[in-house]
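Worksheet for the structure shown next.
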Amino acid sequence: MTLNTNLKNIFLVVFTTLILSACSTAKKAGDIDGDVYTGKETVKYLASGVPDRVFFATNKTSLTTASRATLRKQATFLRKNKKLSVTIEGHADERGTREYNLALGERRANAARDYLMTYGISGKRISTISYGKEKPVNPASSSLAWSQNRRSVTVKVN
Amino acid sequence: MKKIFLIFIIYFSSLNFLYALIEVDITRGNLDPLPIAVSPLHVDIKSTEYEGIKIKELGIDISKIIERNFKSTGLFNPLKKEAFVQKPDIAHLKPRFEDWRLIKAQALVTGKILVKDGKLKVEFRLWDLTAAKEMTALAFTTTPSNWRRVAHIISDKIYERLTGEEGYFDTRIIYVAESGPKEQRIKKLGIMDQDGANTKYLTLGNELVLTPRFSPTNQMVTYLSYFRNLPRVYLLDIETGMQEVVGNFPGMTFAPRFSPDGKKIIMSFAEDGNSDIYTMDLETRVVERITNHSSIDTSPSFSPDGKYIVFNSDRSGLQQIYVMRSDGNEVKRITFGSGIYGTPVWSPRGDLIAFTKVRKGRFYIGVMRTDGSGERLLTENFYQEAPSWSPNGRVLVFYRETKSGSKGEGFSATLWSIDITGYNERKLATKTDASDPSWSSLLSK
């Protein structure tokens, strides 16, 4: 009888651990693809259905398929709001040297800007600024935070 | 600084190299630091009061600063004053060598000060206790408010005499003083003496400032400011407080440094997102493009003779270090080790390049020869970068950031120094969190 209860307990523990680990892997797989953030936790919206930011892989400045889809939505939004100008802020995670990160942020902002321009938005309406690693949106030192911080954010200026 | 600090240097003993006097070898880690006794400087009874200074304690205060300087090198072991066997004034005239040897001292520093008519007169002597000889002696005059610098200058002269290398105590460090939560850091330019004293802030913290660097004469600082949300390289005159933008660039300029003659600023300019290296002559305002590559080129640093530039580029795919002639020709990659490399800085002696290396998620500060050979990693940590050389090329100062929790708690940024031997790692005392240190050259040179 005692043996039985003990066994039960062990099974319970094993079972909960399995569920927990399943949960955490599911969350990770859902939010980070490769090491690009795909979740919505930090995302704001320029208008309904128009996310303000796109995310990048470590040390990369190329746009992912999801990023391009987001930027196309931004382009559509900007075409509808002809008087609107925006600034694209480029950011890096905290895992690089400061000066290189400034250059990286500048590239990321410009990657987004160039893409908007190929969808017909005048370069005059889009300025860029790099903050490198100086303005993290998530202050944690974790892979999730770093993936959320590797971003370029489109901000309305008027 | 130079102008107010008039130094009359009188060597009243010639250096005698015929005798084998004490020598401290600084080319390797010193596990057996030299026992040295720093006697309080004798305060001449003819001294008069001077505003804001405790004249009676000045002699002991100066000796304490000297001791702290010596201790910080790891090369010297300053002995406790309680064990001292002679009064400062008598020891300064002629020490009883055998008595000092009893407390195991090998070198002795003595001195005398006089504050009169608004002037501070200083003299000091360094004695070799084993050889029972005076090694060096020096006298100079300054304003009493400079008393901390007096201690640093004495430290430099003794370091120089014992190691054969120039000292680095009469120097300052400019850095970014940080406060506030990680997502909204407030950053100001801070400046302090090498030992952490005399902290002053040169900007108010209204805009983000980064990467300050001294000019060779220490009077100017070049840095990155986000004034009016336009990240540009600025020039600041420390004495007058005058600031100006460097050049008229239509985009972000960053990663500035002075050329060794102080006449040019070298920096990155990001044009349509692509960072290349440029120089601007401060007098003629002529801008020259040095690199023209579709990759990121940044963190440039001149060799001390001005003939070469070391810089950081990802043209191979990842961050590596490259050297080129100062006109941009003959670009050569010098790092091939595993991991990525950044923030190269040429040593003031010309022999080494200090760098940051990132490998398997860890950050290293290291040095290598200027062709990339002889790489030595001095220190490993979660995050550290941005080494800056002491003026004698023997010590590096850099900054470290700690890992933070889910809300950013536990985050700190601090300044550290380490000898290029890899020994003597030390945290620098700063009033606030700090990053991006830049070491000045000797102020009294």
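Identifiers for the structure tokens are assigned positionally: chains receive A, B, ... in sequence, residues are indexed from 1 per chain, and ligands are indexed from 1 in the order shown.
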
Next on the checklist: as a PyMOL selection string, could you give me every residue of chain B near chain A (at most 7 Å apart, counting only C-alpha atoms)?
Outcome noted: chain B and resi 182-184+255+272-275+296+298-299+342+385+403-408

Next on the checklist: Can you measure CA of Val245 (chain B) to CA of Arg315 (chain B) for me? One decimal in Å is fine.
Outcome noted: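 We find that CA of Val245 (chain B) and CA of Arg315 (chain B) lie 29.1 Å from each other.
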
Next on the checklist: as a PyMOL selection string, please: every residue in region 148-390 of chain B that a backbone DSSP assignment puts in alpha helix (DSSP H).
Outcome noted: chain B and resi 148-163

Checklist entry - Looking at only C-alpha atoms, which of B:Tyr322, B:Phe411, B:Tyr159, B:Tyr223 is the one that sits closest to Gly190 (chain B)? => result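 Residue with the minimum atom-to-atom distance to Gly190 (chain B): B:Tyr223.
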
Next on the checklist: As an exercise, work out the distance from CA of Lys200 (chain B) to CA of Val38 (chain B) in Å and give it to one decimal place.
Outcome noted: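 So the two atoms, CA of Lys200 (chain B) and CA of Val38 (chain B), lie 29.3 Å apart.
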
Item to check | region 70-82 of chain B environment, 7 Å, only C-alpha atoms, sequence neighbours closer than 2 positions dropped, as number ranges by chain | outcome: B: 30, 33-38, 66-68, 84, 424

File dump, residues just selected, N, CA and C atoms, as a compact mmCIF listing (two decimals), in the first residue's frame:
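Output (result-v3.txt):
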# COMPACT_ATOMS: atom_id res chain seq x y z
N ASN B 30 53.87 40.09 -11.35
CA ASN B 30 54.78 40.14 -10.22
C ASN B 30 54.16 39.48 -9.01
N PRO B 33 55.73 41.38 -4.82
CA PRO B 33 55.81 42.83 -4.93
C PRO B 33 56.87 43.44 -4.01
N LEU B 34 57.48 44.51 -4.46
CA LEU B 34 58.58 45.14 -3.73
C LEU B 34 58.07 45.82 -2.46
N PRO B 35 58.61 45.43 -1.28
CA PRO B 35 58.19 46.11 -0.04
C PRO B 35 58.75 47.54 -0.01
N ILE B 36 57.86 48.51 0.09
CA ILE B 36 58.28 49.91 0.05
C ILE B 36 57.64 50.65 1.20
N ALA B 37 58.42 51.51 1.85
CA ALA B 37 57.89 52.32 2.95
C ALA B 37 57.72 53.75 2.45
N VAL B 38 56.50 54.26 2.55
CA VAL B 38 56.27 55.65 2.14
C VAL B 38 56.07 56.48 3.41
N ILE B 66 50.05 58.12 -2.50
CA ILE B 66 51.18 57.43 -3.14
C ILE B 66 51.09 55.92 -2.87
N GLU B 67 50.81 55.59 -1.61
CA GLU B 67 50.69 54.18 -1.25
C GLU B 67 49.60 53.48 -2.06
N ARG B 68 48.45 54.15 -2.17
CA ARG B 68 47.33 53.54 -2.93
C ARG B 68 47.72 53.34 -4.40
N PHE B 84 56.88 52.09 11.16
CA PHE B 84 57.96 52.99 10.73
C PHE B 84 58.84 53.39 11.91
N ASN B 424 46.65 41.23 -11.92
CA ASN B 424 46.25 42.48 -11.28
C ASN B 424 44.96 43.06 -11.83

Checklist entry - Which of region 39-143 of chain A counts as strand (DSSP E or B) under DSSP, as a VMD selection string please? => result chain A and resid 45 to 47 50 to 51 53 to 55 86 to 91 126 to 132

Could you save those same residues with N, CA and C atoms as a PDB file, in the first residue's frame?
ATOM      1  N   TYR A  45       1.115  48.704 -32.399  1.00  0.00           N
ATOM      2  CA  TYR A  45       0.489  48.751 -33.723  1.00  0.00           C
ATOM      3  C   TYR A  45       0.351  50.187 -34.222  1.00  0.00           C
ATOM      4  N   LEU A  46       0.728  50.388 -35.472  1.00  0.00           N
ATOM      5  CA  LEU A  46       0.581  51.716 -36.089  1.00  0.00           C
ATOM      6  C   LEU A  46      -0.896  51.984 -36.359  1.00  0.00           C
ATOM      7  N   ALA A  47      -1.613  50.924 -36.694  1.00  0.00           N
ATOM      8  CA  ALA A  47      -3.064  50.948 -36.877  1.00  0.00           C
ATOM      9  C   ALA A  47      -3.508  49.510 -36.682  1.00  0.00           C
ATOM     10  N   VAL A  50      -1.581  46.503 -38.133  1.00  0.00           N
ATOM     11  CA  VAL A  50      -0.288  46.941 -38.697  1.00  0.00           C
ATOM     12  C   VAL A  50       0.774  46.972 -37.593  1.00  0.00           C
ATOM     13  N   PRO A  51       1.524  45.870 -37.431  1.00  0.00           N
ATOM     14  CA  PRO A  51       2.550  45.840 -36.381  1.00  0.00           C
ATOM     15  C   PRO A  51       3.623  46.892 -36.639  1.00  0.00           C
ATOM     16  N   ARG A  53       6.842  46.729 -35.639  1.00  0.00           N
ATOM     17  CA  ARG A  53       8.252  46.307 -35.617  1.00  0.00           C
ATOM     18  C   ARG A  53       8.493  44.967 -36.308  1.00  0.00           C
ATOM     19  N   VAL A  54       9.760  44.805 -36.712  1.00  0.00           N
ATOM     20  CA  VAL A  54      10.194  43.521 -37.265  1.00  0.00           C
ATOM     21  C   VAL A  54      11.437  43.077 -36.498  1.00  0.00           C
ATOM     22  N   PHE A  55      11.712  41.775 -36.515  1.00  0.00           N
ATOM     23  CA  PHE A  55      12.797  41.216 -35.703  1.00  0.00           C
ATOM     24  C   PHE A  55      13.876  40.568 -36.571  1.00  0.00           C
ATOM     25  N   VAL A  86       7.555  58.843 -40.911  1.00  0.00           N
ATOM     26  CA  VAL A  86       7.952  57.915 -39.848  1.00  0.00           C
ATOM     27  C   VAL A  86       9.475  57.934 -39.633  1.00  0.00           C
ATOM     28  N   THR A  87       9.864  57.533 -38.464  1.00  0.00           N
ATOM     29  CA  THR A  87      11.269  57.254 -38.180  1.00  0.00           C
ATOM     30  C   THR A  87      11.381  55.768 -37.903  1.00  0.00           C
ATOM     31  N   ILE A  88      12.359  55.142 -38.532  1.00  0.00           N
ATOM     32  CA  ILE A  88      12.593  53.733 -38.204  1.00  0.00           C
ATOM     33  C   ILE A  88      13.799  53.653 -37.281  1.00  0.00           C
ATOM     34  N   GLU A  89      13.551  53.110 -36.085  1.00  0.00           N
ATOM     35  CA  GLU A  89      14.620  52.956 -35.097  1.00  0.00           C
ATOM     36  C   GLU A  89      15.220  51.560 -35.211  1.00  0.00           C
ATOM     37  N   GLY A  90      16.535  51.502 -35.396  1.00  0.00           N
ATOM     38  CA  GLY A  90      17.212  50.203 -35.468  1.00  0.00           C
ATOM     39  C   GLY A  90      17.875  49.880 -34.150  1.00  0.00           C
ATOM     40  N   HIS A  91      17.717  48.630 -33.703  1.00  0.00           N
ATOM     41  CA  HIS A  91      18.260  48.221 -32.401  1.00  0.00           C
ATOM     42  C   HIS A  91      19.012  46.900 -32.498  1.00  0.00           C
ATOM     43  N   ILE A 126      10.667  58.742 -44.675  1.00  0.00           N
ATOM     44  CA  ILE A 126      11.203  57.760 -43.708  1.00  0.00           C
ATOM     45  C   ILE A 126      12.617  58.152 -43.264  1.00  0.00           C
ATOM     46  N   SER A 127      12.761  58.572 -42.041  1.00  0.00           N
ATOM     47  CA  SER A 127      14.112  58.786 -41.521  1.00  0.00           C
ATOM     48  C   SER A 127      14.507  57.562 -40.682  1.00  0.00           C
ATOM     49  N   THR A 128      15.801  57.433 -40.447  1.00  0.00           N
ATOM     50  CA  THR A 128      16.256  56.290 -39.648  1.00  0.00           C
ATOM     51  C   THR A 128      17.133  56.786 -38.504  1.00  0.00           C
ATOM     52  N   ILE A 129      17.162  56.030 -37.442  1.00  0.00           N
ATOM     53  CA  ILE A 129      18.092  56.306 -36.340  1.00  0.00           C
ATOM     54  C   ILE A 129      18.479  54.972 -35.716  1.00  0.00           C
ATOM     55  N   SER A 130      19.749  54.850 -35.372  1.00  0.00           N
ATOM     56  CA  SER A 130      20.196  53.632 -34.700  1.00  0.00           C
ATOM     57  C   SER A 130      20.451  53.914 -33.230  1.00  0.00           C
ATOM     58  N   TYR A 131      19.974  53.024 -32.376  1.00  0.00           N
ATOM     59  CA  TYR A 131      20.281  53.118 -30.950  1.00  0.00           C
ATOM     60  C   TYR A 131      21.206  51.986 -30.499  1.00  0.00           C
ATOM     61  N   GLY A 132      21.647  51.162 -31.446  1.00  0.00           N
ATOM     62  CA  GLY A 132      22.522  50.067 -31.053  1.00  0.00           C
ATOM     63  C   GLY A 132      21.892  49.247 -29.942  1.00  0.00           C
TER      64      GLY A 132
END

Item to check | Nearest-residue call for Arg68 (chain A), choices A:Gly120, A:Val36, A:Val157, A:Ala112, using only C-alpha atoms | outcome: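 Among A:Gly120, A:Val36, A:Val157, A:Ala112, it is A:Ala112 that comes nearest to Arg68 (chain A).
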
Next on the checklist: So that I can see what lies close to Gly372 (chain B), please list as a list in words the residues with an atom at most 8 Å from it, counting only C-alpha atoms and leaving out residues fewer than 4 positions away in the same chain.
Outcome noted: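 The neighbour list is Ile334, Thr335 and Met368 of chain B.
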
Keeping only C-alpha atoms, write those residues as a JSON list (two decimals), in the first residue's frame.
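Printed below is part25.json as written:
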[["chain", "number", "residue", "atom", "x", "y", "z"],
["B", 334, "ILE", "CA", 44.75, 40.16, -38.92],
["B", 335, "THR", "CA", 42.34, 38.03, -36.82],
["B", 368, "MET", "CA", 47.97, 40.69, -29.87]]
